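Participant: Next up is a structure, given as structure tokens.
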Amino acid sequence: MKNLLVVILALSIVLMIQNNAFAEKNTFSDSVKFIQYLDENTALEEVRNGNLDMYYYTISPDRLEAHQAKEGLQIFDSTGGRYSILVNPAESDEFNPFSNKDIRFALNYLIDRKLIVNELMGGYGTSIISYYSPSEPEYLSVIEQLELFDFKYNPGLANKIITKSLDERGAEKINEKWFMNEKPIEITIFIRSDDPVRKSIGEILSVELEKIGFTVKKDFGDLNKAFVVVYGSDPADLKWSLYTEGWASSAFVRYDSIGLGQMYSPWFSNMPGFNDPTYWNYKNEKLDKITQKIYTGDFASSKKRTELIQKAVIEGIDESVRIFLASKIDQYVVNEKISGVVNDFGAGVPSRFTPINAKSDNNELVIGVKQIYQGAWNPVRGLTDSYSRQIWGIISDPGSFKHPFTGKTIPIRATWNVETAGPDGKLEIPQESKIWNPKAQEWGKISAGTLATSKVVFDFDFSNWHNGQMMDMNDILHSLYFTIEWGTQTDENDKTFDTEFTPIATQSIQTIKGVNVIDEDTIEVYVDYWHFDDAEIADWAMMWNSMPWEISAAMEKAVTDGKVSFSRSGATSKNINWLSLIIPNDANIIKKYLEEFKNSNHIPNGFDGNIQDLEDYQNRYESSIKWIEENNHAVISNGPFYLESYAPESRTITVNSFNDESYPFKIGKWSEFEETKFPLIKNLEMDKIIHRGEDIKMNIFVEDTDQIMYFLTNNEGDLILSESIENTNDEKTIIIPHKKTQGLSSGANNIKIFAISKSVLRPDFYETSFFVTENKVEIPKNNFENVKFLENESNYGYLIIPIVIISGIIMILKIKQSR
């Protein structure tokens, strides 16, 4: 009996251990290994054979066309990417034709967007002329403005515009070549050779420019080289004239406040010159003013916001410093044995939720990536490429994020309660609130009678940092200190200034009026910011930190001492390293500062007595020092995985599951995102030829569609009619009275149809032409049932995000990332 009791007790202990271990498991996989595969064909075979579980880069459609190519695979269509041309508009000692707006604008007629989509992209995409593509929420608000431009491939018109401008500036054309001051007008195109589509775009554009009469020099390279030649040089040096850009996204966004600023406006530090004061910089006060209003919520209604977006899009296209060509439909491959993939509308399969939620038969998830390391790893102005962001997204938890299918702001590590008097009213801020004063270098009390538009109360879900130390309110306050300190340039000698980060942070801190700490995990934030969606107010006011305060403080000291730079442009202009915490040399710099802090009982700027216990910050320093010594990097965050290793020789990065009891989200937390229903246009019935004076009748067959929108344009590109119709059925008959279609052309006309869902913000999109004849012609109805839209004249669109995420420590900016 005694032996039996011992056995039962032993079994009970084993079961308790197993149950506890399961309860602590936060991800399905114990580890994720990212391996570089430059060649997509090799990666495809490795996924099919099971050596890779998935590949984080698009596979060309022709590789997947054959039936046998799909065996053993799951194929996910996704959007979020796009192609553009960045144009160098700098005034220089050497003649630069693109300093003239008319010549830049003429490029829109020199580029054959349909060729790019249909031939280079195999039909997997759609032509675009602005930052917004037909599959994005904001597109429908600007479609009428886009139709006004009516860009079509017309090299004759492009030549006419360019010739007129060059003649006016004194250029001469001799033997079909343009000269200025007896020197050939030379254009340098930086062509991304690591992307077949962009390589072809560059080659085709080179031929077109040579036909115009320019002397063209082609410079080939990858993103690392582009960081130096394009993004890291003075535009006035004319090391480049045109650059074939590519963009990826990390999330899908319903209300885009970042994109137009990032893609068109100088203040965001993403236009030629990049706000480096030693460089020539592109200036456009009109665009700055409009996009800053969008960014900071300076509008009184949804309608006013839409008007700002429309103005920014028109000005951005008109300036043509960044010219958009096509949005992509990327095809990602996943091994058939893998489940739990979250195909985010913006990020696609490389969503931050996929590695967290993916399930396989093995304990390790193996993901192939196009590049394992480009740029730099730091959360201020590093992590700007999509490859690093895909990994960082599972190492670091944000305070809030975007729902992968609606784009709405959702809580991750903070919940909130919003109170707003906006857009016109104000709330009084309690006097116990405080704000960092960068001139006095201290936290200052709020003056009596200080007002704010909105108040957000945040409750944080703190957990241990990866180094074992518990997050606390000091991490939050230090992030606010950092953003205000680095967002304020007190004088020209201010060391807490970064050419890329500071202009962006400046816009944010102008709205922050004060904070009031309620308890150990609750804070009130007062901002002069309003939005018609309360969650967007919370997203704007969010206080969070992606790294422990001691790492932030050590990074700050290393930068102000001139050892490294937060940003690429700062590193280039000062000839120092771009801070990368994943690199052992930079990690050791951080460690040395932590050791200095520990030995001197240092309290960093921004605390001002907030830490009362000496043991508290000594433990912080010691834990981070120990982490760097043991792991040979300084990447410490708070997400479901932690960085185990970076091996440049094998081109791999490995992250392990952070199975810490304090981590709030257990296994399967994000399983709800695995599947969703999308609106779908199944079939369109309408006459292909319409007799003048007849009504147009359409039978549209849809699924999961709450609203149908259509746009009629004539062959001149003029918008004749647009209409939005509520829908509750799977079949909708629309009759357009002939009195409304008088502006249609004799001959070819165009119709665009969108199927829209209220719960999933990715409209289905179909476009086709029809003909208007002056004489009665009997014609059978054109039935598109079961047609594969990608193989006919239509453009099949998906909804995408803005973004990149850039973390300015306090801020999490949703932006596009270079690819």
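Residue numbers start at 1 in each chain; chains themselves are named A, B, ... in the order of the structure tokens; ligands are numbered from 1 in the order shown.
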Could you list, as a PDB file with C-alpha atoms, in the first residue's frame, every residue within 7 Å of segment 703-712 of chain A, counting only C-alpha atoms and ignoring same-chain residues fewer than 6 positions away?

Facilitator:
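Done, and the output landed in around_37.pdb:
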```
ATOM      1  CA  LYS A 677     -14.390  35.395 -45.272  1.00  0.00           C
ATOM      2  CA  PHE A 678     -13.658  37.887 -48.028  1.00  0.00           C
ATOM      3  CA  PRO A 679     -16.054  39.726 -50.331  1.00  0.00           C
ATOM      4  CA  LEU A 680     -16.036  38.114 -53.746  1.00  0.00           C
ATOM      5  CA  ILE A 681     -17.300  39.018 -57.210  1.00  0.00           C
ATOM      6  CA  LEU A 719     -15.480  59.906 -64.756  1.00  0.00           C
ATOM      7  CA  ILE A 720     -19.070  59.741 -66.034  1.00  0.00           C
ATOM      8  CA  LEU A 721     -20.822  58.161 -63.063  1.00  0.00           C
ATOM      9  CA  SER A 722     -20.061  56.590 -59.711  1.00  0.00           C
ATOM     10  CA  GLU A 723     -22.495  54.998 -57.315  1.00  0.00           C
ATOM     11  CA  SER A 724     -22.451  53.121 -54.019  1.00  0.00           C
ATOM     12  CA  ILE A 725     -25.232  50.591 -53.400  1.00  0.00           C
ATOM     13  CA  GLU A 726     -26.028  48.671 -50.216  1.00  0.00           C
ATOM     14  CA  ASN A 727     -26.293  44.931 -50.745  1.00  0.00           C
ATOM     15  CA  THR A 728     -27.874  42.096 -48.757  1.00  0.00           C
ATOM     16  CA  ASP A 730     -25.773  37.168 -53.418  1.00  0.00           C
ATOM     17  CA  ASN A 750     -14.611  51.342 -68.874  1.00  0.00           C
ATOM     18  CA  ILE A 751     -16.293  50.109 -65.703  1.00  0.00           C
ATOM     19  CA  LYS A 752     -14.711  49.351 -62.328  1.00  0.00           C
ATOM     20  CA  ILE A 753     -16.670  47.382 -59.735  1.00  0.00           C
ATOM     21  CA  PHE A 754     -15.824  46.955 -56.060  1.00  0.00           C
ATOM     22  CA  ALA A 755     -17.422  44.430 -53.676  1.00  0.00           C
ATOM     23  CA  ILE A 756     -17.044  45.663 -50.101  1.00  0.00           C
ATOM     24  CA  SER A 757     -17.540  44.024 -46.705  1.00  0.00           C
ATOM     25  CA  LYS A 758     -18.076  45.895 -43.459  1.00  0.00           C
TER      26      LYS A 758
END
```

Participant: For the structure I just gave you, how does DSSP split segment 440-655 of chain A - specifically, which residues are strand (DSSP E)? Reply as a count of residues only.

Facilitator: 42

Participant: Select from segment 131-182 of chain A every residue with an atom at most 9 Å from any atom of segment 74-83 of chain A, then for each give the shortest pair of atoms and their distance in Å to one decimal, using only C-alpha atoms, rows by chain and rising number, as a Markdown table.

Facilitator:
```
| residue | atom | partner | partner_atom | distance |
| --- | --- | --- | --- | --- |
| A:Tyr131 | CA | A:Arg82 | CA | 8.7 |
| A:Ser133 | CA | A:Arg82 | CA | 8.8 |
| A:Ser135 | CA | A:Thr79 | CA | 8.5 |
```

Participant: The selected residues should be written to file as a tab-separated table (two decimals), in the first residue's frame (atoms: N, CA, C and O atoms).

Facilitator:
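So again_30.tsv came out as:
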```
chain	number	residue	atom	x	y	z
A	131	TYR	N	0.28	56.43	-54.26
A	131	TYR	CA	0.60	55.54	-53.14
A	131	TYR	C	-0.52	54.53	-52.88
A	131	TYR	O	-0.26	53.40	-52.49
A	133	SER	N	-3.41	51.90	-53.79
A	133	SER	CA	-3.82	50.97	-54.84
A	133	SER	C	-5.31	50.68	-54.71
A	133	SER	O	-5.92	50.99	-53.68
A	135	SER	N	-6.89	48.24	-53.89
A	135	SER	CA	-7.27	47.32	-52.82
A	135	SER	C	-7.15	47.92	-51.43
A	135	SER	O	-7.29	47.21	-50.44
```

Participant: Could you jot down the atom CA of Ile484 of chain A to atom CA of Pro438 of chain A separation for me, Å, one decimal place?

Facilitator: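 So the answer is 7.1 Å.
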
Participant: At a cut-off of 10 Å, using only C-alpha atoms, what residues contact Gly425 of chain A? Leave out same-chain residues fewer than 6 positions from it and give the result as number ranges by chain.

Facilitator: A: 451-454

Participant: For the residues in the current selection, export N, CA and C atoms as a PDB file, in the first residue's frame.

Facilitator:
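Writing done, so here's selection_17.pdb:
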```
ATOM      1  N   LEU A 451      -5.053  72.812 -21.016  1.00  0.00           N
ATOM      2  CA  LEU A 451      -6.138  72.044 -21.623  1.00  0.00           C
ATOM      3  C   LEU A 451      -5.616  71.071 -22.677  1.00  0.00           C
ATOM      4  N   ALA A 452      -6.405  70.037 -22.937  1.00  0.00           N
ATOM      5  CA  ALA A 452      -6.091  69.063 -23.985  1.00  0.00           C
ATOM      6  C   ALA A 452      -7.383  68.640 -24.661  1.00  0.00           C
ATOM      7  N   THR A 453      -7.243  68.144 -25.876  1.00  0.00           N
ATOM      8  CA  THR A 453      -8.421  67.709 -26.630  1.00  0.00           C
ATOM      9  C   THR A 453      -8.933  66.363 -26.156  1.00  0.00           C
ATOM     10  N   SER A 454      -8.018  65.451 -25.854  1.00  0.00           N
ATOM     11  CA  SER A 454      -8.417  64.082 -25.502  1.00  0.00           C
ATOM     12  C   SER A 454      -7.606  63.557 -24.326  1.00  0.00           C
TER      13      SER A 454
END
```

Participant: Which is closest to Gln469 of chain A among A:Glu432, A:Asp660, A:Asp222, A:Asp234, if we use only C-alpha atoms?

Facilitator: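 Looking at the shortest contact to Gln469 of chain A, the residue is A:Asp660.
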
Participant: Can you tell me which residues surround Glu442 of chain A at a distance of at most 10 Å, considering only C-alpha atoms, apart from same-chain residues fewer than 6 positions away, and format the answer as a list in words?

Facilitator: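 Using only C-alpha atoms, the neighbours found are Lys434, Ile435, Trp436, Tyr481, Asn605, Gly606, Phe607 and Asp608 of chain A.
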
Participant: With a distance cut-off of 6 Å and only C-alpha atoms, select the neighbouring residues of Asn638 of chain A, excluding the residue or stretch itself and same-chain residues fewer than 6 positions from it, and output the selection as a PyMOL selection string.

Facilitator: chain A and resi 396-397+465-466

Participant: Keeping only N, CA, C and O atoms, take the residues you just selected and write them out as a PDB file, in the first residue's frame.

Facilitator:
```pdb
ATOM      1  N   SER A 396       9.406  41.486 -30.344  1.00  0.00           N
ATOM      2  CA  SER A 396       8.911  42.634 -29.591  1.00  0.00           C
ATOM      3  C   SER A 396       7.394  42.726 -29.680  1.00  0.00           C
ATOM      4  O   SER A 396       6.831  42.632 -30.770  1.00  0.00           O
ATOM      5  N   ASP A 397       6.727  42.899 -28.547  1.00  0.00           N
ATOM      6  CA  ASP A 397       5.285  43.151 -28.520  1.00  0.00           C
ATOM      7  C   ASP A 397       5.022  44.650 -28.532  1.00  0.00           C
ATOM      8  O   ASP A 397       5.645  45.398 -27.764  1.00  0.00           O
ATOM      9  N   TRP A 465      11.020  41.426 -19.118  1.00  0.00           N
ATOM     10  CA  TRP A 465      11.848  41.548 -20.310  1.00  0.00           C
ATOM     11  C   TRP A 465      12.559  40.220 -20.529  1.00  0.00           C
ATOM     12  O   TRP A 465      12.603  39.370 -19.635  1.00  0.00           O
ATOM     13  N   HIS A 466      13.121  40.046 -21.681  1.00  0.00           N
ATOM     14  CA  HIS A 466      13.801  38.784 -21.973  1.00  0.00           C
ATOM     15  C   HIS A 466      14.990  38.527 -21.051  1.00  0.00           C
ATOM     16  O   HIS A 466      15.415  37.376 -20.893  1.00  0.00           O
TER      17      HIS A 466
END
```

Participant: So which bits of segment 593-718 of chain A end up alpha helix (DSSP H) when you DSSP the backbone, as a list in words?

Facilitator: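 Matching residues, listed in order: Tyr593, Leu594, Glu595, Glu596, Phe597, Lys598, Asn599, Leu614, Glu615, Asp616, Tyr617, Gln618, Asn619, Arg620, Tyr621, Glu622, Ser623, Ser624, Ile625, Lys626, Trp627, Ile628, Glu629, Glu630 and Asn631 of chain A.
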
Participant: Would you mind exporting the chosen residues as an mmCIF file, in the first residue's frame, restricted to C-alpha atoms?

Facilitator:
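Output below, filename again-v6.cif:
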```cif
data_model
loop_
_atom_site.group_PDB
_atom_site.id
_atom_site.type_symbol
_atom_site.label_atom_id
_atom_site.label_comp_id
_atom_site.auth_asym_id
_atom_site.auth_seq_id
_atom_site.Cartn_x
_atom_site.Cartn_y
_atom_site.Cartn_z
ATOM 1 C CA TYR A 593 28.143 51.986 -20.998
ATOM 2 C CA LEU A 594 26.024 49.716 -18.810
ATOM 3 C CA GLU A 595 29.131 48.842 -16.812
ATOM 4 C CA GLU A 596 29.907 52.546 -16.410
ATOM 5 C CA PHE A 597 26.322 53.168 -15.280
ATOM 6 C CA LYS A 598 26.550 50.318 -12.761
ATOM 7 C CA ASN A 599 29.899 51.377 -11.319
ATOM 8 C CA LEU A 614 19.552 51.810 -5.688
ATOM 9 C CA GLU A 615 19.169 48.057 -5.887
ATOM 10 C CA ASP A 616 16.468 48.476 -8.526
ATOM 11 C CA TYR A 617 18.635 49.969 -11.226
ATOM 12 C CA GLN A 618 21.707 47.988 -10.237
ATOM 13 C CA ASN A 619 19.701 44.840 -10.965
ATOM 14 C CA ARG A 620 18.702 46.289 -14.321
ATOM 15 C CA TYR A 621 22.295 47.041 -15.296
ATOM 16 C CA GLU A 622 23.571 43.671 -14.116
ATOM 17 C CA SER A 623 20.865 41.711 -15.940
ATOM 18 C CA SER A 624 21.471 43.455 -19.247
ATOM 19 C CA ILE A 625 25.257 43.163 -18.925
ATOM 20 C CA LYS A 626 24.884 39.447 -18.233
ATOM 21 C CA TRP A 627 22.520 39.062 -21.209
ATOM 22 C CA ILE A 628 25.030 40.646 -23.605
ATOM 23 C CA GLU A 629 27.887 38.539 -22.249
ATOM 24 C CA GLU A 630 25.909 35.312 -22.615
ATOM 25 C CA ASN A 631 24.197 36.033 -25.945
#
```

Participant: With distances taken over only C-alpha atoms, which of A:Ile636, A:Leu148, A:Val702, A:Met686 is nearest to Asp318 of chain A?

Facilitator: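 Closest to Asp318 of chain A, using only C-alpha atoms: A:Leu148.
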
Participant: Using only C-alpha atoms, find each residue of segment 645-761 of chain A with at least one atom at most 7 Å away from an atom of segment 770-775 of chain A; report its shortest atom-to-atom pair and that distance in Å (one decimal), sort the rows by chain and rising residue number, and return the result as JSON lines.

Facilitator:
```
{"residue": "A:Lys688", "atom": "CA", "partner": "A:Phe770", "partner_atom": "CA", "distance": 5.0}
{"residue": "A:Ile689", "atom": "CA", "partner": "A:Phe771", "partner_atom": "CA", "distance": 4.7}
{"residue": "A:Ile690", "atom": "CA", "partner": "A:Val772", "partner_atom": "CA", "distance": 4.8}
{"residue": "A:His691", "atom": "CA", "partner": "A:Thr773", "partner_atom": "CA", "distance": 5.0}
{"residue": "A:Arg692", "atom": "CA", "partner": "A:Glu774", "partner_atom": "CA", "distance": 5.2}
{"residue": "A:Ser745", "atom": "CA", "partner": "A:Val772", "partner_atom": "CA", "distance": 6.7}
{"residue": "A:Ser746", "atom": "CA", "partner": "A:Val772", "partner_atom": "CA", "distance": 5.1}
{"residue": "A:Gly747", "atom": "CA", "partner": "A:Phe771", "partner_atom": "CA", "distance": 4.9}
{"residue": "A:Ala748", "atom": "CA", "partner": "A:Phe771", "partner_atom": "CA", "distance": 4.5}
{"residue": "A:Asn749", "atom": "CA", "partner": "A:Phe770", "partner_atom": "CA", "distance": 5.4}
{"residue": "A:Asn750", "atom": "CA", "partner": "A:Phe770", "partner_atom": "CA", "distance": 6.2}
```

Participant: Sort by chain and increasing residue number a table of all residues of segment 288-344 of chain A within 9 Å of segment 523-546 of chain A, each with its closest pair of atoms and their distance in Å to one decimal, counting only C-alpha atoms, and write it as a tab-separated table.

Facilitator:
```
residue	atom	partner	partner_atom	distance
A:Thr296	CA	A:Tyr529	CA	6.5
A:Gly297	CA	A:Trp530	CA	5.6
A:Asp298	CA	A:Tyr529	CA	7.3
A:Phe299	CA	A:Trp530	CA	7.9
A:Ala300	CA	A:Trp530	CA	8.2
A:Ser301	CA	A:Phe532	CA	6.9
A:Ser302	CA	A:Phe532	CA	6.8
```

Participant: Enumerate, in order of chain and increasing residue number, the residues of segment 622-705 of chain A with an atom no farther than 8 Å from segment 22-44 of chain A, each with its shortest atom pair and distance in Å to one decimal, counting only C-alpha atoms, as CSV.

Facilitator:
```
residue,atom,partner,partner_atom,distance
A:Pro640,CA,A:Asn26,CA,6.6
A:Phe641,CA,A:Ser31,CA,7.8
A:Arg651,CA,A:Gln36,CA,5.7
A:Thr652,CA,A:Ile35,CA,4.6
A:Ile653,CA,A:Phe34,CA,5.2
A:Thr654,CA,A:Lys33,CA,4.4
A:Val655,CA,A:Val32,CA,5.3
A:Asn656,CA,A:Ser31,CA,4.2
A:Ser657,CA,A:Asp30,CA,5.1
A:Phe658,CA,A:Asn26,CA,7.1
A:Asn659,CA,A:Lys25,CA,5.3
A:Asp660,CA,A:Glu24,CA,6.4
A:Glu661,CA,A:Glu24,CA,5.6
A:Tyr663,CA,A:Asn26,CA,7.7
A:Phe665,CA,A:Asn26,CA,6.2
A:Lys666,CA,A:Asn26,CA,4.2
A:Ile667,CA,A:Asn26,CA,4.4
A:Gly668,CA,A:Thr27,CA,7.2
```

Participant: Quick one: write out the picked residues with N, CA and C atoms as a tab-separated table (two decimals), in the first residue's frame?

Facilitator:
```tsv
chain	number	residue	atom	x	y	z
A	640	PRO	N	6.92	37.24	-27.66
A	640	PRO	CA	6.78	35.80	-27.41
A	640	PRO	C	8.01	34.98	-27.77
A	641	PHE	N	8.93	35.57	-28.54
A	641	PHE	CA	10.20	34.93	-28.84
A	641	PHE	C	11.34	35.87	-28.44
A	651	ARG	N	24.26	32.40	-42.38
A	651	ARG	CA	23.16	33.28	-42.78
A	651	ARG	C	21.84	32.84	-42.15
A	652	THR	N	21.88	32.67	-40.84
A	652	THR	CA	20.69	32.27	-40.10
A	652	THR	C	20.50	33.14	-38.87
A	653	ILE	N	19.25	33.32	-38.50
A	653	ILE	CA	18.87	33.94	-37.22
A	653	ILE	C	17.90	32.98	-36.55
A	654	THR	N	18.14	32.68	-35.30
A	654	THR	CA	17.29	31.77	-34.54
A	654	THR	C	16.67	32.51	-33.36
A	655	VAL	N	15.37	32.36	-33.21
A	655	VAL	CA	14.68	32.90	-32.04
A	655	VAL	C	14.03	31.75	-31.30
A	656	ASN	N	14.02	31.82	-29.98
A	656	ASN	CA	13.42	30.79	-29.13
A	656	ASN	C	12.17	31.31	-28.45
A	657	SER	N	11.25	30.40	-28.16
A	657	SER	CA	10.03	30.78	-27.47
A	657	SER	C	10.35	31.29	-26.07
A	658	PHE	N	9.75	32.40	-25.70
A	658	PHE	CA	9.95	32.99	-24.37
A	658	PHE	C	8.88	32.44	-23.44
A	659	ASN	N	9.13	31.25	-22.91
A	659	ASN	CA	8.14	30.58	-22.07
A	659	ASN	C	8.28	31.04	-20.63
A	660	ASP	N	7.94	32.29	-20.44
A	660	ASP	CA	8.03	32.91	-19.11
A	660	ASP	C	6.62	33.03	-18.53
A	661	GLU	N	6.47	32.70	-17.26
A	661	GLU	CA	5.14	32.72	-16.63
A	661	GLU	C	4.49	34.10	-16.68
A	663	TYR	N	4.54	36.20	-19.12
A	663	TYR	CA	4.08	36.61	-20.44
A	663	TYR	C	2.58	36.38	-20.54
A	665	PHE	N	0.21	36.18	-23.00
A	665	PHE	CA	-0.52	35.47	-24.05
A	665	PHE	C	-0.02	34.04	-24.18
A	666	LYS	N	-0.90	33.11	-23.92
A	666	LYS	CA	-0.53	31.71	-24.00
A	666	LYS	C	-0.81	31.15	-25.39
A	667	ILE	N	-0.46	29.92	-25.58
A	667	ILE	CA	-0.53	29.26	-26.87
A	667	ILE	C	-1.94	29.36	-27.46
A	668	GLY	N	-2.02	29.70	-28.74
A	668	GLY	CA	-3.29	29.78	-29.43
A	668	GLY	C	-4.03	31.09	-29.29
```

Participant: Which distance in Å separates atom CA of Glu203 of chain A and atom CA of Tyr279 of chain A, to one decimal?

Facilitator: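 Computing the Euclidean distance for atom CA of Glu203 of chain A and atom CA of Tyr279 of chain A yields 28.8 Å.
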
Participant: Please provide the set of residues having any atom within 12 Å of Lys311 of chain A, restricted to only C-alpha atoms, with same-chain residues fewer than 2 positions apart removed, written as a list of chain:residue names.

Facilitator: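 Near neighbours after the sequence-gap exclusion: A:Ser141, A:Val142, A:Glu144, A:Gln145, A:Leu146, A:Leu260, A:Tyr264, A:Lys286, A:Leu287, A:Asp288, A:Lys289, A:Ile290, A:Thr291, A:Lys293, A:Ile294, A:Lys304, A:Arg305, A:Thr306, A:Glu307, A:Leu308, A:Ile309, A:Val313, A:Ile314, A:Glu315, A:Gly316, A:Ile317, A:Asp318.
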
Participant: Grab the residues selected above and save them as a tab-separated table (two decimals), in the first residue's frame with C-alpha atoms.

Facilitator:
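Once written, result_24.tsv looks like this:
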```tsv
chain	number	residue	atom	x	y	z
A	141	SER	CA	-11.85	58.29	-51.47
A	142	VAL	CA	-9.31	59.36	-54.10
A	144	GLU	CA	-12.02	60.46	-58.81
A	145	GLN	CA	-8.81	62.47	-58.37
A	146	LEU	CA	-6.72	59.61	-59.80
A	260	LEU	CA	1.34	60.06	-47.69
A	264	TYR	CA	5.59	62.32	-50.70
A	286	LYS	CA	2.47	72.54	-49.20
A	287	LEU	CA	2.83	68.78	-48.92
A	288	ASP	CA	4.38	69.08	-45.46
A	289	LYS	CA	1.46	71.12	-44.19
A	290	ILE	CA	-1.21	68.82	-45.62
A	291	THR	CA	0.34	65.52	-44.55
A	293	LYS	CA	-2.46	67.66	-40.62
A	294	ILE	CA	-3.38	64.10	-41.57
A	304	LYS	CA	-12.25	67.05	-43.94
A	305	ARG	CA	-9.74	64.24	-43.51
A	306	THR	CA	-10.71	62.84	-46.92
A	307	GLU	CA	-10.24	66.26	-48.49
A	308	LEU	CA	-6.73	66.48	-47.04
A	309	ILE	CA	-5.89	63.03	-48.42
A	313	VAL	CA	-2.38	62.66	-53.46
A	314	ILE	CA	-2.83	65.24	-56.22
A	315	GLU	CA	0.22	67.22	-55.12
A	316	GLY	CA	2.33	64.08	-54.72
A	317	ILE	CA	1.52	62.87	-58.22
A	318	ASP	CA	2.00	66.33	-59.68
```

Participant: Between A:Asn715, A:Asn357, A:Thr741, A:Asn699, single out the one closest to Lys152 of chain A, counting only C-alpha atoms.

Facilitator: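 The closest residue to Lys152 of chain A is A:Asn715.
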
Participant: Just to confirm, what's the straight-line distance from atom CA of Val253 of chain A to atom CA of Trp416 of chain A in Å (one decimal)?

Facilitator: 19.2 Å

Participant: Quick one: everything within 10 Å of segment 61-65 of chain A, counting only C-alpha atoms, minus sequence neighbours fewer than 2 positions away in the same chain. Send it as a ChimeraX atom specification.

Facilitator: /A:40-41,44,58-59,67-71,75,121-124,329-331,333

Participant: Kindly indicate which residue among A:Phe401, A:Tyr243, A:Tyr332, A:Phe151 lies nearest to Ser60 of chain A, using only C-alpha atoms for the distances.

Facilitator: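 Among the listed residues, the smallest separation from Ser60 of chain A belongs to A:Tyr332.
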